[in-house]
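upload-v7.cif follows (mmCIF, C-alpha atoms):
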```cif
data_protein
loop_
_atom_site.label_atom_id
_atom_site.label_comp_id
_atom_site.auth_asym_id
_atom_site.auth_seq_id
_atom_site.Cartn_x
_atom_site.Cartn_y
_atom_site.Cartn_z
CA MET A 1 33.34 24.92 31.72
CA THR A 2 35.37 22.42 33.70
CA SER A 3 38.72 23.26 35.21
CA MET A 4 40.43 21.07 32.62
CA GLU A 5 38.81 23.01 29.78
CA ALA A 6 39.73 26.32 31.38
CA LEU A 7 43.32 25.16 31.81
CA ALA A 8 43.52 24.00 28.19
CA ARG A 9 42.06 27.28 26.99
CA ARG A 10 44.50 29.32 29.09
CA TYR A 11 47.51 27.34 27.84
CA SER A 12 46.32 27.65 24.25
CA ILE A 13 46.04 31.41 24.63
CA TYR A 14 49.56 31.53 26.09
CA MET A 15 50.88 29.55 23.15
CA GLY A 16 49.09 31.77 20.63
CA ILE A 17 50.55 34.88 22.21
CA ILE A 18 54.03 33.34 22.20
CA ILE A 19 53.72 32.40 18.52
CA VAL A 20 52.70 35.96 17.60
CA LEU A 21 55.56 37.40 19.67
CA LEU A 22 58.07 35.06 18.04
CA LEU A 23 56.90 36.07 14.58
CA LEU A 24 57.19 39.74 15.52
CA VAL A 25 60.72 39.18 16.81
CA ALA A 26 61.52 37.36 13.55
CA LEU A 27 60.48 40.47 11.62
CA ILE A 28 62.66 42.73 13.76
CA THR A 29 65.88 40.76 14.22
CA SER A 30 68.47 39.42 11.83
CA MET A 31 67.98 35.87 13.20
CA SER A 32 64.66 35.47 11.46
CA THR A 33 65.07 31.79 10.53
CA PHE A 34 65.62 30.87 14.19
CA PHE A 35 62.54 32.73 15.42
CA VAL A 36 60.35 31.57 12.53
CA GLY A 37 61.53 28.03 13.27
CA MET A 38 60.75 28.54 16.93
CA ALA A 39 57.26 29.82 16.07
CA PHE A 40 56.82 26.82 13.78
CA GLY A 41 57.90 24.42 16.52
CA THR A 42 55.66 26.18 19.03
CA ALA A 43 52.70 25.77 16.67
CA PHE A 44 53.40 22.05 16.44
CA GLY A 45 53.79 21.98 20.23
CA LEU A 46 50.32 23.51 20.45
CA ILE A 47 49.00 20.78 18.15
CA ASN A 48 50.58 18.19 20.44
CA PHE A 49 49.00 19.84 23.46
CA VAL A 50 45.56 19.84 21.85
CA THR A 51 45.87 16.16 20.93
CA THR A 52 46.91 15.40 24.51
CA TYR A 53 43.90 17.32 25.79
CA PHE A 54 41.51 15.35 23.60
CA GLN A 55 43.22 12.11 24.59
CA VAL A 56 42.70 12.88 28.29
CA LYS A 57 39.10 13.83 27.59
CA ARG A 58 38.57 10.56 25.70
CA ILE A 59 40.10 8.57 28.56
CA MET A 60 37.81 10.29 31.06
CA THR A 61 34.70 9.48 29.01
CA SER A 62 35.80 5.88 28.43
CA TYR A 63 36.36 5.51 32.18
CA THR A 64 32.87 6.76 33.02
CA THR A 65 31.13 4.74 30.28
CA ARG A 66 33.34 1.65 30.81
CA LYS A 67 33.93 1.38 27.06
CA TYR A 68 37.43 1.15 25.64
CA ARG A 69 38.30 3.18 22.54
CA PHE A 70 41.53 2.63 20.68
CA SER A 71 43.69 5.63 19.84
CA ILE A 72 47.22 6.19 18.63
CA GLY A 73 48.00 8.62 21.51
CA THR A 74 51.73 8.91 22.08
CA LEU A 75 52.58 7.48 18.67
CA GLY A 76 50.49 10.21 17.03
CA ARG A 77 52.25 12.92 19.01
CA LEU A 78 55.64 11.49 18.07
CA LEU A 79 54.58 11.51 14.42
CA ILE A 80 53.59 15.18 14.75
CA VAL A 81 57.07 15.99 16.06
CA LEU A 82 58.68 14.01 13.25
CA VAL A 83 56.59 15.88 10.67
CA ALA A 84 57.70 19.21 12.16
CA LEU A 85 61.35 18.16 12.07
CA PHE A 86 61.04 16.78 8.54
CA ILE A 87 59.52 20.02 7.27
CA ALA A 88 62.24 22.06 9.02
CA GLN A 89 64.89 19.87 7.43
CA ALA A 90 63.30 20.16 4.01
CA PHE A 91 63.17 23.97 4.18
CA PRO A 92 66.31 25.15 6.02
CA GLN A 93 66.12 28.57 4.34
CA TYR A 94 62.91 29.26 6.32
CA PHE A 95 63.23 27.22 9.53
CA ASP A 96 66.21 26.74 11.80
CA MET A 97 66.24 23.20 13.22
CA THR A 98 67.40 24.42 16.64
CA GLY A 99 64.54 26.91 16.72
CA VAL A 100 62.01 24.21 15.84
CA ILE A 101 63.28 21.94 18.62
CA ALA A 102 63.24 24.83 21.11
CA GLY A 103 59.72 25.73 19.96
CA LEU A 104 58.53 22.18 20.54
CA ALA A 105 59.71 22.50 24.16
CA VAL A 106 57.92 25.80 24.85
CA MET A 107 54.72 24.03 25.93
CA TYR A 108 56.61 22.06 28.56
CA VAL A 109 58.15 25.26 29.92
CA ILE A 110 54.66 26.76 30.21
CA LEU A 111 53.45 23.61 31.96
CA LEU A 112 56.27 23.96 34.48
CA ILE A 113 55.99 27.70 35.11
CA ASP A 114 52.23 28.37 35.09
CA PRO A 115 51.39 26.44 38.30
CA ILE A 116 53.84 28.64 40.21
CA PHE A 117 51.90 31.75 39.20
CA GLN A 118 48.57 30.07 39.91
CA ILE A 119 49.61 29.11 43.44
CA LYS A 120 50.73 32.69 44.05
CA HIS A 121 47.42 33.91 42.60
CA LEU A 122 45.32 31.65 44.88
CA GLN A 123 46.96 32.82 48.12
#
```
Output the file's structure as structure tokens, nothing else.
Amino acid sequence: MTSMEALARRYSIYMGIIIVLLLLVALITSMSTFFVGMAFGTAFGLINFVTTYFQVKRIMTSYTTRKYRFSIGTLGRLLIVLVALFIAQAFPQYFDMTGVIAGLAVMYVILLIDPIFQIKHLQ
């Protein structure tokens, strides 16, 4: 397993744990639509992360084989976000729009915080 695969696996596990925790908090608190929306946004953030991972993998293989392969890349990830926001807008009784937007940003928070813990772990 390469370091990139291990990193993607670790981040995916983090996201899965966060989604489960958000759903548990939604069951406990009175702000259930916010936390369900946040779990929903986090799930779509995980989908975006996985598509980014496969895009990077595809770029690495095309670089080594010197063959170009077309992909929709960033446009596809933007469409995923738009689908998440459209679904949240269509079902406001289940998903809070603010929660969905915050959930979409959870992956970026993990990407910012995890290297700090890994540097501390390596020393």
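With only C-alpha atoms as the atoms that count, the minimum distance from A:Ala39 to the choices A:Ile17, A:Leu82, A:Ala8, A:Ile110 is reached by A:Ile17.
When only C-alpha atoms are used to compute distances to A:Met97, the closest of the residues A:Phe70, A:Phe34, A:Phe117, A:Phe49 turns out to be A:Phe34.
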Tell me which protein, DNA and RNA residues are within 9 Å of A:Phe95, counting only C-alpha atoms, leaving out same-chain ones fewer than 5 positions away, and put them as a PyMOL selection string. chain A and resi 32-38+40+87-90+100
Please evaluate the PyMOL selection byres ((chain A and resi 44-46) around 10) against the structure above and give the resulting residues as a ChimeraX atom specification. /A:11-16,19,38-43,47-52,77,80-81,83-85,100-108
Restrict the selected residues to C-alpha atoms and save them as a PDB file, keeping the file's coordinate frame.
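And here's again_9.pdb as it stands now:
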```pdb
ATOM      1  CA  TYR A  11      47.510  27.340  27.840  1.00  0.00           C
ATOM      2  CA  SER A  12      46.320  27.650  24.250  1.00  0.00           C
ATOM      3  CA  ILE A  13      46.040  31.410  24.630  1.00  0.00           C
ATOM      4  CA  TYR A  14      49.560  31.530  26.090  1.00  0.00           C
ATOM      5  CA  MET A  15      50.880  29.550  23.150  1.00  0.00           C
ATOM      6  CA  GLY A  16      49.090  31.770  20.630  1.00  0.00           C
ATOM      7  CA  ILE A  19      53.720  32.400  18.520  1.00  0.00           C
ATOM      8  CA  MET A  38      60.750  28.540  16.930  1.00  0.00           C
ATOM      9  CA  ALA A  39      57.260  29.820  16.070  1.00  0.00           C
ATOM     10  CA  PHE A  40      56.820  26.820  13.780  1.00  0.00           C
ATOM     11  CA  GLY A  41      57.900  24.420  16.520  1.00  0.00           C
ATOM     12  CA  THR A  42      55.660  26.180  19.030  1.00  0.00           C
ATOM     13  CA  ALA A  43      52.700  25.770  16.670  1.00  0.00           C
ATOM     14  CA  ILE A  47      49.000  20.780  18.150  1.00  0.00           C
ATOM     15  CA  ASN A  48      50.580  18.190  20.440  1.00  0.00           C
ATOM     16  CA  PHE A  49      49.000  19.840  23.460  1.00  0.00           C
ATOM     17  CA  VAL A  50      45.560  19.840  21.850  1.00  0.00           C
ATOM     18  CA  THR A  51      45.870  16.160  20.930  1.00  0.00           C
ATOM     19  CA  THR A  52      46.910  15.400  24.510  1.00  0.00           C
ATOM     20  CA  ARG A  77      52.250  12.920  19.010  1.00  0.00           C
ATOM     21  CA  ILE A  80      53.590  15.180  14.750  1.00  0.00           C
ATOM     22  CA  VAL A  81      57.070  15.990  16.060  1.00  0.00           C
ATOM     23  CA  VAL A  83      56.590  15.880  10.670  1.00  0.00           C
ATOM     24  CA  ALA A  84      57.700  19.210  12.160  1.00  0.00           C
ATOM     25  CA  LEU A  85      61.350  18.160  12.070  1.00  0.00           C
ATOM     26  CA  VAL A 100      62.010  24.210  15.840  1.00  0.00           C
ATOM     27  CA  ILE A 101      63.280  21.940  18.620  1.00  0.00           C
ATOM     28  CA  ALA A 102      63.240  24.830  21.110  1.00  0.00           C
ATOM     29  CA  GLY A 103      59.720  25.730  19.960  1.00  0.00           C
ATOM     30  CA  LEU A 104      58.530  22.180  20.540  1.00  0.00           C
ATOM     31  CA  ALA A 105      59.710  22.500  24.160  1.00  0.00           C
ATOM     32  CA  VAL A 106      57.920  25.800  24.850  1.00  0.00           C
ATOM     33  CA  MET A 107      54.720  24.030  25.930  1.00  0.00           C
ATOM     34  CA  TYR A 108      56.610  22.060  28.560  1.00  0.00           C
TER      35      TYR A 108
END
```
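Interatomic distance, atom CA of A:Tyr63 to atom CA of A:Glu5: 17.8 Å.
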Coordinates-based distance that separates atom CA of A:Ser62 from atom CA of A:Leu111 (Å, one decimal): 25.3 Å
From the list A:Met4, A:Leu112, A:Ile119, A:Leu23, which residue is nearest A:Phe54 when using all atoms listed in the file? A:Met4
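One distance worth recording is that between atom CA of A:Val56 and atom CA of A:Arg9, which is 14.5 Å.
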Box centre and edge lengths (Å, one decimal), axis-aligned, stretch 53-71 of chain A plus 4 Å each side, as JSON:
```
{"center_x": 37.5, "center_y": 9.2, "center_z": 26.4, "size_x": 20.8, "size_y": 24.2, "size_z": 21.2}
```
Residue with smallest distance to A:Val109 - pool A:Ala6, A:Gly76, A:Arg58, A:Ile18, counting all atoms listed in the file: A:Ile18
Taking only C-alpha atoms into account, name the residue in A:Thr74, A:Lys57, A:Arg66, A:Ile28 that is nearest to A:Thr2. A:Lys57
Would it be fine to have stretch 54-91 of chain A, with C-alpha atoms, given as a PDB file, in the first residue's frame?
```pdb
ATOM      1  CA  PHE A  54      -9.005   8.815  -8.087  1.00  0.00           C
ATOM      2  CA  GLN A  55      -8.230  11.911 -10.142  1.00  0.00           C
ATOM      3  CA  VAL A  56      -4.749  12.158  -8.598  1.00  0.00           C
ATOM      4  CA  LYS A  57      -4.233   8.448  -9.166  1.00  0.00           C
ATOM      5  CA  ARG A  58      -5.298   8.827 -12.802  1.00  0.00           C
ATOM      6  CA  ILE A  59      -2.916  11.759 -13.276  1.00  0.00           C
ATOM      7  CA  MET A  60      -0.048   9.744 -11.818  1.00  0.00           C
ATOM      8  CA  THR A  61      -0.692   6.818 -14.174  1.00  0.00           C
ATOM      9  CA  SER A  62      -1.081   9.101 -17.190  1.00  0.00           C
ATOM     10  CA  TYR A  63       2.218  10.772 -16.291  1.00  0.00           C
ATOM     11  CA  THR A  64       4.070   7.460 -16.112  1.00  0.00           C
ATOM     12  CA  THR A  65       2.477   6.028 -19.282  1.00  0.00           C
ATOM     13  CA  ARG A  66       2.623   9.367 -21.163  1.00  0.00           C
ATOM     14  CA  LYS A  67      -1.004   8.967 -22.248  1.00  0.00           C
ATOM     15  CA  TYR A  68      -3.540  11.712 -21.658  1.00  0.00           C
ATOM     16  CA  ARG A  69      -7.006  10.772 -20.410  1.00  0.00           C
ATOM     17  CA  PHE A  70      -9.811  13.297 -20.322  1.00  0.00           C
ATOM     18  CA  SER A  71     -11.812  13.698 -17.124  1.00  0.00           C
ATOM     19  CA  ILE A  72     -14.280  16.196 -15.759  1.00  0.00           C
ATOM     20  CA  GLY A  73     -12.281  16.663 -12.509  1.00  0.00           C
ATOM     21  CA  THR A  74     -13.148  19.935 -10.827  1.00  0.00           C
ATOM     22  CA  LEU A  75     -16.377  20.324 -12.769  1.00  0.00           C
ATOM     23  CA  GLY A  76     -17.533  16.934 -11.481  1.00  0.00           C
ATOM     24  CA  ARG A  77     -16.753  17.888  -7.895  1.00  0.00           C
ATOM     25  CA  LEU A  78     -18.636  21.165  -8.293  1.00  0.00           C
ATOM     26  CA  LEU A  79     -21.610  19.236  -9.650  1.00  0.00           C
ATOM     27  CA  ILE A  80     -21.492  16.941  -6.600  1.00  0.00           C
ATOM     28  CA  VAL A  81     -21.666  19.990  -4.323  1.00  0.00           C
ATOM     29  CA  LEU A  82     -24.541  21.438  -6.347  1.00  0.00           C
ATOM     30  CA  VAL A  83     -26.440  18.145  -6.091  1.00  0.00           C
ATOM     31  CA  ALA A  84     -25.969  18.136  -2.308  1.00  0.00           C
ATOM     32  CA  LEU A  85     -27.211  21.718  -2.036  1.00  0.00           C
ATOM     33  CA  PHE A  86     -30.140  21.049  -4.366  1.00  0.00           C
ATOM     34  CA  ILE A  87     -31.243  18.037  -2.323  1.00  0.00           C
ATOM     35  CA  ALA A  88     -30.917  20.036   0.915  1.00  0.00           C
ATOM     36  CA  GLN A  89     -33.019  22.809  -0.591  1.00  0.00           C
ATOM     37  CA  ALA A  90     -35.637  20.363  -1.823  1.00  0.00           C
ATOM     38  CA  PHE A  91     -35.999  18.727   1.603  1.00  0.00           C
TER      39      PHE A  91
END
```
